[in-house]
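S.K.: What follows is final35.pdb, made up of PDB, N, CA and C atoms:
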ATOM      1  N   MET A 306       0.861  -1.176   0.000  1.00  0.00           N
ATOM      2  CA  MET A 306       0.000   0.000   0.000  1.00  0.00           C
ATOM      3  C   MET A 306       0.903   1.234   0.000  1.00  0.00           C
ATOM      4  N   ALA A 307       0.542   2.202  -0.806  1.00  0.00           N
ATOM      5  CA  ALA A 307       1.313   3.439  -0.892  1.00  0.00           C
ATOM      6  C   ALA A 307       0.995   4.357   0.284  1.00  0.00           C
ATOM      7  N   THR A 308       1.932   5.237   0.569  1.00  0.00           N
ATOM      8  CA  THR A 308       1.762   6.207   1.641  1.00  0.00           C
ATOM      9  C   THR A 308       1.636   7.595   1.038  1.00  0.00           C
ATOM     10  N   MET A 309       0.753   8.407   1.637  1.00  0.00           N
ATOM     11  CA  MET A 309       0.563   9.783   1.179  1.00  0.00           C
ATOM     12  C   MET A 309       0.386  10.664   2.410  1.00  0.00           C
ATOM     13  N   ASN A 310       1.126  11.736   2.465  1.00  0.00           N
ATOM     14  CA  ASN A 310       0.980  12.696   3.564  1.00  0.00           C
ATOM     15  C   ASN A 310       0.070  13.824   3.115  1.00  0.00           C
ATOM     16  N   VAL A 311      -0.857  14.179   3.966  1.00  0.00           N
ATOM     17  CA  VAL A 311      -1.823  15.224   3.646  1.00  0.00           C
ATOM     18  C   VAL A 311      -1.822  16.241   4.771  1.00  0.00           C
ATOM     19  N   SER A 312      -1.771  17.511   4.409  1.00  0.00           N
ATOM     20  CA  SER A 312      -1.853  18.585   5.407  1.00  0.00           C
ATOM     21  C   SER A 312      -3.293  19.054   5.522  1.00  0.00           C
ATOM     22  N   LEU A 313      -3.747  19.206   6.758  1.00  0.00           N
ATOM     23  CA  LEU A 313      -5.115  19.639   7.016  1.00  0.00           C
ATOM     24  C   LEU A 313      -5.110  20.801   7.995  1.00  0.00           C
ATOM     25  N   PRO A 314      -6.077  21.695   7.857  1.00  0.00           N
ATOM     26  CA  PRO A 314      -6.260  22.704   8.897  1.00  0.00           C
ATOM     27  C   PRO A 314      -6.662  21.995  10.199  1.00  0.00           C
ATOM     28  N   ASN A 315      -6.404  22.636  11.314  1.00  0.00           N
ATOM     29  CA  ASN A 315      -6.698  22.025  12.611  1.00  0.00           C
ATOM     30  C   ASN A 315      -8.151  21.583  12.752  1.00  0.00           C
ATOM     31  N   THR A 316      -9.068  22.364  12.199  1.00  0.00           N
ATOM     32  CA  THR A 316     -10.489  22.005  12.334  1.00  0.00           C
ATOM     33  C   THR A 316     -10.790  20.695  11.603  1.00  0.00           C
ATOM     34  N   MET A 317     -10.171  20.494  10.458  1.00  0.00           N
ATOM     35  CA  MET A 317     -10.386  19.250   9.722  1.00  0.00           C
ATOM     36  C   MET A 317      -9.702  18.080  10.423  1.00  0.00           C
ATOM     37  N   LYS A 318      -8.521  18.301  10.939  1.00  0.00           N
ATOM     38  CA  LYS A 318      -7.814  17.264  11.690  1.00  0.00           C
ATOM     39  C   LYS A 318      -8.647  16.840  12.898  1.00  0.00           C
ATOM     40  N   ASP A 319      -9.192  17.818  13.605  1.00  0.00           N
ATOM     41  CA  ASP A 319     -10.043  17.518  14.756  1.00  0.00           C
ATOM     42  C   ASP A 319     -11.265  16.702  14.337  1.00  0.00           C
ATOM     43  N   TRP A 320     -11.832  17.052  13.199  1.00  0.00           N
ATOM     44  CA  TRP A 320     -13.004  16.330  12.697  1.00  0.00           C
ATOM     45  C   TRP A 320     -12.651  14.870  12.412  1.00  0.00           C
ATOM     46  N   VAL A 321     -11.552  14.645  11.711  1.00  0.00           N
ATOM     47  CA  VAL A 321     -11.121  13.280  11.398  1.00  0.00           C
ATOM     48  C   VAL A 321     -10.913  12.494  12.690  1.00  0.00           C
ATOM     49  N   GLU A 322     -10.243  13.093  13.632  1.00  0.00           N
ATOM     50  CA  GLU A 322      -9.985  12.410  14.906  1.00  0.00           C
ATOM     51  C   GLU A 322     -11.283  12.095  15.642  1.00  0.00           C
ATOM     52  N   SER A 323     -12.253  12.995  15.551  1.00  0.00           N
ATOM     53  CA  SER A 323     -13.540  12.748  16.214  1.00  0.00           C
ATOM     54  C   SER A 323     -14.277  11.590  15.544  1.00  0.00           C
ATOM     55  N   GLN A 324     -14.132  11.454  14.243  1.00  0.00           N
ATOM     56  CA  GLN A 324     -14.764  10.344  13.534  1.00  0.00           C
ATOM     57  C   GLN A 324     -14.121   9.017  13.912  1.00  0.00           C
ATOM     58  N   VAL A 325     -12.812   9.023  14.100  1.00  0.00           N
ATOM     59  CA  VAL A 325     -12.107   7.813  14.522  1.00  0.00           C
ATOM     60  C   VAL A 325     -12.539   7.426  15.935  1.00  0.00           C
ATOM     61  N   LYS A 326     -12.725   8.414  16.798  1.00  0.00           N
ATOM     62  CA  LYS A 326     -13.120   8.142  18.187  1.00  0.00           C
ATOM     63  C   LYS A 326     -14.498   7.509  18.299  1.00  0.00           C
ATOM     64  N   THR A 327     -15.333   7.652  17.270  1.00  0.00           N
ATOM     65  CA  THR A 327     -16.653   7.020  17.318  1.00  0.00           C
ATOM     66  C   THR A 327     -16.545   5.505  17.268  1.00  0.00           C
ATOM     67  N   GLY A 328     -15.387   5.008  16.836  1.00  0.00           N
ATOM     68  CA  GLY A 328     -15.193   3.565  16.736  1.00  0.00           C
ATOM     69  C   GLY A 328     -15.549   2.994  15.382  1.00  0.00           C
ATOM     70  N   GLN A 329     -16.098   3.814  14.509  1.00  0.00           N
ATOM     71  CA  GLN A 329     -16.474   3.340  13.177  1.00  0.00           C
ATOM     72  C   GLN A 329     -15.235   3.132  12.299  1.00  0.00           C
ATOM     73  N   TYR A 330     -14.161   3.833  12.613  1.00  0.00           N
ATOM     74  CA  TYR A 330     -12.916   3.749  11.845  1.00  0.00           C
ATOM     75  C   TYR A 330     -11.781   3.386  12.796  1.00  0.00           C
ATOM     76  N   SER A 331     -10.845   2.576  12.298  1.00  0.00           N
ATOM     77  CA  SER A 331      -9.738   2.148  13.158  1.00  0.00           C
ATOM     78  C   SER A 331      -8.676   3.223  13.305  1.00  0.00           C
ATOM     79  N   ASN A 332      -8.555   4.097  12.316  1.00  0.00           N
ATOM     80  CA  ASN A 332      -7.581   5.196  12.366  1.00  0.00           C
ATOM     81  C   ASN A 332      -7.933   6.226  11.290  1.00  0.00           C
ATOM     82  N   SER A 333      -7.171   7.293  11.228  1.00  0.00           N
ATOM     83  CA  SER A 333      -7.476   8.368  10.273  1.00  0.00           C
ATOM     84  C   SER A 333      -7.336   7.897   8.824  1.00  0.00           C
ATOM     85  N   SER A 334      -6.394   7.007   8.559  1.00  0.00           N
ATOM     86  CA  SER A 334      -6.247   6.483   7.195  1.00  0.00           C
ATOM     87  C   SER A 334      -7.494   5.713   6.766  1.00  0.00           C
ATOM     88  N   ASP A 335      -8.050   4.951   7.675  1.00  0.00           N
ATOM     89  CA  ASP A 335      -9.269   4.199   7.390  1.00  0.00           C
ATOM     90  C   ASP A 335     -10.407   5.156   7.032  1.00  0.00           C
ATOM     91  N   TYR A 336     -10.507   6.247   7.777  1.00  0.00           N
ATOM     92  CA  TYR A 336     -11.544   7.255   7.509  1.00  0.00           C
ATOM     93  C   TYR A 336     -11.354   7.875   6.135  1.00  0.00           C
ATOM     94  N   VAL A 337     -10.126   8.257   5.805  1.00  0.00           N
ATOM     95  CA  VAL A 337      -9.853   8.893   4.507  1.00  0.00           C
ATOM     96  C   VAL A 337     -10.114   7.903   3.374  1.00  0.00           C
ATOM     97  N   ARG A 338      -9.717   6.648   3.548  1.00  0.00           N
ATOM     98  CA  ARG A 338      -9.994   5.644   2.511  1.00  0.00           C
ATOM     99  C   ARG A 338     -11.490   5.505   2.278  1.00  0.00           C
ATOM    100  N   ASP A 339     -12.273   5.535   3.360  1.00  0.00           N
ATOM    101  CA  ASP A 339     -13.727   5.441   3.222  1.00  0.00           C
ATOM    102  C   ASP A 339     -14.280   6.641   2.454  1.00  0.00           C
ATOM    103  N   LEU A 340     -13.774   7.830   2.758  1.00  0.00           N
ATOM    104  CA  LEU A 340     -14.220   9.019   2.031  1.00  0.00           C
ATOM    105  C   LEU A 340     -13.907   8.905   0.539  1.00  0.00           C
ATOM    106  N   ILE A 341     -12.738   8.403   0.219  1.00  0.00           N
ATOM    107  CA  ILE A 341     -12.343   8.255  -1.182  1.00  0.00           C
ATOM    108  C   ILE A 341     -13.226   7.225  -1.877  1.00  0.00           C
ATOM    109  N   ARG A 342     -13.484   6.091  -1.218  1.00  0.00           N
ATOM    110  CA  ARG A 342     -14.380   5.083  -1.808  1.00  0.00           C
ATOM    111  C   ARG A 342     -15.754   5.675  -2.073  1.00  0.00           C
ATOM    112  N   ARG A 343     -16.275   6.424  -1.117  1.00  0.00           N
ATOM    113  CA  ARG A 343     -17.599   7.054  -1.307  1.00  0.00           C
ATOM    114  C   ARG A 343     -17.574   8.050  -2.459  1.00  0.00           C
ATOM    115  N   ASP A 344     -16.499   8.818  -2.563  1.00  0.00           N
ATOM    116  CA  ASP A 344     -16.372   9.778  -3.656  1.00  0.00           C
ATOM    117  C   ASP A 344     -16.313   9.055  -4.999  1.00  0.00           C
ATOM    118  N   GLN A 345     -15.605   7.939  -5.053  1.00  0.00           N
ATOM    119  CA  GLN A 345     -15.539   7.158  -6.286  1.00  0.00           C
ATOM    120  C   GLN A 345     -16.923   6.649  -6.675  1.00  0.00           C
ATOM    121  N   GLN A 346     -17.668   6.134  -5.698  1.00  0.00           N
ATOM    122  CA  GLN A 346     -19.022   5.646  -5.970  1.00  0.00           C
ATOM    123  C   GLN A 346     -19.934   6.781  -6.425  1.00  0.00           C
ATOM    124  N   ASP A 347     -19.847   7.917  -5.748  1.00  0.00           N
ATOM    125  CA  ASP A 347     -20.668   9.073  -6.121  1.00  0.00           C
ATOM    126  C   ASP A 347     -20.351   9.532  -7.540  1.00  0.00           C
ATOM    127  N   THR A 348     -19.075   9.567  -7.880  1.00  0.00           N
ATOM    128  CA  THR A 348     -18.665   9.992  -9.214  1.00  0.00           C
ATOM    129  C   THR A 348     -19.221   9.048 -10.274  1.00  0.00           C
ATOM    130  N   LYS A 349     -19.164   7.744 -10.024  1.00  0.00           N
ATOM    131  CA  LYS A 349     -19.731   6.769 -10.960  1.00  0.00           C
ATOM    132  C   LYS A 349     -21.224   6.992 -11.133  1.00  0.00           C
ATOM    133  N   GLN A 350     -21.931   7.241 -10.017  1.00  0.00           N
ATOM    134  CA  GLN A 350     -23.369   7.467 -10.085  1.00  0.00           C
ATOM    135  C   GLN A 350     -23.698   8.746 -10.861  1.00  0.00           C
ATOM    136  N   ILE A 351     -22.904   9.777 -10.675  1.00  0.00           N
ATOM    137  CA  ILE A 351     -23.120  11.035 -11.402  1.00  0.00           C
ATOM    138  C   ILE A 351     -22.925  10.818 -12.894  1.00  0.00           C
ATOM    139  N   ILE A 352     -21.893  10.068 -13.256  1.00  0.00           N
ATOM    140  CA  ILE A 352     -21.646   9.779 -14.675  1.00  0.00           C
ATOM    141  C   ILE A 352     -22.815   9.020 -15.271  1.00  0.00           C
ATOM    142  N   LEU A 353     -23.318   7.995 -14.561  1.00  0.00           N
ATOM    143  CA  LEU A 353     -24.464   7.233 -15.053  1.00  0.00           C
ATOM    144  C   LEU A 353     -25.699   8.113 -15.199  1.00  0.00           C
ATOM    145  N   LEU A 354     -25.920   8.994 -14.236  1.00  0.00           N
ATOM    146  CA  LEU A 354     -27.058   9.902 -14.300  1.00  0.00           C
ATOM    147  C   LEU A 354     -26.923  10.861 -15.476  1.00  0.00           C
ATOM    148  N   GLN A 355     -25.716  11.392 -15.680  1.00  0.00           N
ATOM    149  CA  GLN A 355     -25.488  12.292 -16.811  1.00  0.00           C
ATOM    150  C   GLN A 355     -25.726  11.577 -18.139  1.00  0.00           C
ATOM    151  N   GLN A 356     -25.301  10.309 -18.213  1.00  0.00           N
ATOM    152  CA  GLN A 356     -25.526   9.535 -19.433  1.00  0.00           C
ATOM    153  C   GLN A 356     -27.015   9.310 -19.671  1.00  0.00           C
ATOM    154  N   ALA A 357     -27.753   9.009 -18.599  1.00  0.00           N
ATOM    155  CA  ALA A 357     -29.195   8.796 -18.727  1.00  0.00           C
ATOM    156  C   ALA A 357     -29.900  10.082 -19.159  1.00  0.00           C
ATOM    157  N   ILE A 358     -29.474  11.198 -18.613  1.00  0.00           N
ATOM    158  CA  ILE A 358     -30.071  12.484 -18.998  1.00  0.00           C
ATOM    159  C   ILE A 358     -29.786  12.776 -20.459  1.00  0.00           C
ATOM    160  N   SER A 359     -28.553  12.566 -20.877  1.00  0.00           N
ATOM    161  CA  SER A 359     -28.188  12.797 -22.282  1.00  0.00           C
ATOM    162  C   SER A 359     -28.994  11.900 -23.213  1.00  0.00           C
ATOM    163  N   LYS A 360     -29.141  10.634 -22.825  1.00  0.00           N
ATOM    164  CA  LYS A 360     -29.921   9.691 -23.636  1.00  0.00           C
ATOM    165  C   LYS A 360     -31.360  10.179 -23.758  1.00  0.00           C
ATOM    166  N   GLY A 361     -31.916  10.658 -22.640  1.00  0.00           N
ATOM    167  CA  GLY A 361     -33.285  11.166 -22.668  1.00  0.00           C
ATOM    168  C   GLY A 361     -33.436  12.384 -23.556  1.00  0.00           C
ATOM    169  N   ILE A 362     -32.484  13.298 -23.482  1.00  0.00           N
ATOM    170  CA  ILE A 362     -32.538  14.501 -24.310  1.00  0.00           C
ATOM    171  C   ILE A 362     -32.409  14.137 -25.783  1.00  0.00           C
ATOM    172  N   GLU A 363     -31.479  13.204 -26.070  1.00  0.00           N
ATOM    173  CA  GLU A 363     -31.238  12.807 -27.459  1.00  0.00           C
ATOM    174  C   GLU A 363     -32.401  12.022 -28.052  1.00  0.00           C
ATOM    175  N   SER A 364     -33.248  11.435 -27.202  1.00  0.00           N
ATOM    176  CA  SER A 364     -34.354  10.623 -27.711  1.00  0.00           C
ATOM    177  C   SER A 364     -35.465  11.473 -28.315  1.00  0.00           C
ATOM    178  N   GLY A 365     -35.436  12.761 -28.054  1.00  0.00           N
ATOM    179  CA  GLY A 365     -36.434  13.646 -28.652  1.00  0.00           C
ATOM    180  C   GLY A 365     -37.677  13.796 -27.797  1.00  0.00           C
ATOM    181  N   ILE A 366     -38.649  14.451 -28.373  1.00  0.00           N
ATOM    182  CA  ILE A 366     -39.900  14.744 -27.675  1.00  0.00           C
ATOM    183  C   ILE A 366     -40.902  13.641 -27.977  1.00  0.00           C
ATOM    184  N   SER A 367     -41.537  13.140 -26.942  1.00  0.00           N
ATOM    185  CA  SER A 367     -42.514  12.070 -27.089  1.00  0.00           C
ATOM    186  C   SER A 367     -43.831  12.627 -27.622  1.00  0.00           C
ATOM    187  N   ASP A 368     -44.532  11.784 -28.370  1.00  0.00           N
ATOM    188  CA  ASP A 368     -45.864  12.190 -28.840  1.00  0.00           C
ATOM    189  C   ASP A 368     -46.948  11.704 -27.880  1.00  0.00           C
ATOM    190  N   ARG A 369     -46.546  11.017 -26.805  1.00  0.00           N
ATOM    191  CA  ARG A 369     -47.502  10.541 -25.814  1.00  0.00           C
ATOM    192  C   ARG A 369     -47.768  11.632 -24.777  1.00  0.00           C
ATOM    193  N   SER A 370     -48.938  11.567 -24.178  1.00  0.00           N
ATOM    194  CA  SER A 370     -49.269  12.523 -23.122  1.00  0.00           C
ATOM    195  C   SER A 370     -48.619  12.076 -21.818  1.00  0.00           C
ATOM    196  N   MET A 371     -48.508  12.985 -20.880  1.00  0.00           N
ATOM    197  CA  MET A 371     -47.944  12.661 -19.571  1.00  0.00           C
ATOM    198  C   MET A 371     -48.786  11.587 -18.892  1.00  0.00           C
ATOM    199  N   LEU A 372     -50.088  11.649 -19.054  1.00  0.00           N
ATOM    200  CA  LEU A 372     -50.985  10.661 -18.461  1.00  0.00           C
ATOM    201  C   LEU A 372     -50.698   9.272 -19.031  1.00  0.00           C
ATOM    202  N   ASP A 373     -50.493   9.183 -20.351  1.00  0.00           N
ATOM    203  CA  ASP A 373     -50.169   7.897 -20.965  1.00  0.00           C
ATOM    204  C   ASP A 373     -48.844   7.348 -20.440  1.00  0.00           C
ATOM    205  N   ILE A 374     -47.871   8.208 -20.276  1.00  0.00           N
ATOM    206  CA  ILE A 374     -46.563   7.799 -19.767  1.00  0.00           C
ATOM    207  C   ILE A 374     -46.693   7.294 -18.339  1.00  0.00           C
ATOM    208  N   LEU A 375     -47.456   7.998 -17.511  1.00  0.00           N
ATOM    209  CA  LEU A 375     -47.671   7.576 -16.120  1.00  0.00           C
ATOM    210  C   LEU A 375     -48.405   6.239 -16.041  1.00  0.00           C
ATOM    211  N   LYS A 376     -49.415   6.065 -16.887  1.00  0.00           N
ATOM    212  CA  LYS A 376     -50.156   4.802 -16.902  1.00  0.00           C
ATOM    213  C   LYS A 376     -49.228   3.646 -17.253  1.00  0.00           C
ATOM    214  N   GLU A 377     -48.381   3.843 -18.251  1.00  0.00           N
ATOM    215  CA  GLU A 377     -47.449   2.795 -18.655  1.00  0.00           C
ATOM    216  C   GLU A 377     -46.444   2.495 -17.541  1.00  0.00           C
ATOM    217  N   ALA A 378     -45.955   3.531 -16.883  1.00  0.00           N
ATOM    218  CA  ALA A 378     -44.992   3.327 -15.793  1.00  0.00           C
ATOM    219  C   ALA A 378     -45.634   2.579 -14.638  1.00  0.00           C
ATOM    220  N   ARG A 379     -46.858   2.922 -14.305  1.00  0.00           N
ATOM    221  CA  ARG A 379     -47.567   2.227 -13.217  1.00  0.00           C
ATOM    222  C   ARG A 379     -47.834   0.772 -13.585  1.00  0.00           C
ATOM    223  N   LYS A 380     -48.177   0.536 -14.838  1.00  0.00           N
ATOM    224  CA  LYS A 380     -48.422  -0.822 -15.306  1.00  0.00           C
ATOM    225  C   LYS A 380     -47.139  -1.657 -15.188  1.00  0.00           C
ATOM    226  N   LYS A 381     -46.018  -1.097 -15.587  1.00  0.00           N
ATOM    227  CA  LYS A 381     -44.737  -1.798 -15.497  1.00  0.00           C
ATOM    228  C   LYS A 381     -44.344  -2.056 -14.049  1.00  0.00           C
ATOM    229  N   ALA A 382     -44.670  -1.114 -13.175  1.00  0.00           N
ATOM    230  CA  ALA A 382     -44.313  -1.244 -11.767  1.00  0.00           C
ATOM    231  C   ALA A 382     -45.092  -2.375 -11.090  1.00  0.00           C
ATOM    232  N   HIS A 383     -46.266  -2.681 -11.588  1.00  0.00           N
ATOM    233  CA  HIS A 383     -47.115  -3.698 -10.970  1.00  0.00           C
ATOM    234  C   HIS A 383     -46.905  -5.072 -11.567  1.00  0.00           C
ATOM    235  N   THR A 384     -46.087  -5.192 -12.573  1.00  0.00           N
ATOM    236  CA  THR A 384     -45.850  -6.520 -13.181  1.00  0.00           C
ATOM    237  C   THR A 384     -44.518  -7.082 -12.809  1.00  0.00           C
TER
END
Output the file's structure as structure tokens, nothing else.
M.R.:
Amino acid sequence: MATMNVSLPNTMKDWVESQVKTGQYSNSSDYVRDLIRRDQQDTKQIILLQQAISKGIESGISDRSMLDILKEARKKAHT
């Protein structure tokens, strides 16, 4: 495992230490690794959402009414 030194303002250092004291993390490195994993997951989700939005925009305007779309979605949800 690689080592990286990070400088933090005292308030952030205190925050990290307080999170470790809760017992959820074994040390400050464990806490930072968890933050990075969460950021990686969030970034992946944002990319997927952006792709879905782009796909929706590129698909054009539907000729169906909102009511028809809702009926179809409800029908799919119940099957």
S.K.: Please, which residues of region 306-363 of chain A, numbered as in this document, come out helix (DSSP H, G or I) from DSSP, as a VMD selection string?
M.R.: chain A and resid 315 to 326 333 to 363
S.K.: Could you give me, as a compact mmCIF listing (two decimals) with N, CA and C atoms, keeping the file's coordinate frame, the residues within 12 Å of Thr308 (chain A), counting only C-alpha atoms and dropping anything in the same chain fewer than 3 positions from it?
M.R.:
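So the final result, stored in out.txt, reads:
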# COMPACT_ATOMS: atom_id res chain seq x y z
N VAL A 311 -0.86 14.18 3.97
CA VAL A 311 -1.82 15.22 3.65
C VAL A 311 -1.82 16.24 4.77
N SER A 334 -6.39 7.01 8.56
CA SER A 334 -6.25 6.48 7.20
C SER A 334 -7.49 5.71 6.77
N ARG A 338 -9.72 6.65 3.55
CA ARG A 338 -9.99 5.64 2.51
C ARG A 338 -11.49 5.50 2.28
S.K.: Would you work out the distance separating atom C of Ser333 (chain A) from atom C of Trp320 (chain A), expressed in Å to one decimal?
M.R.: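 Taking atom C of Ser333 (chain A) as the start and atom C of Trp320 (chain A) as the end point, the length is 9.5 Å.
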S.K.: By how many Å are atom C of Tyr336 (chain A) and atom C of Met317 (chain A) apart?
M.R.: 11.2 Å
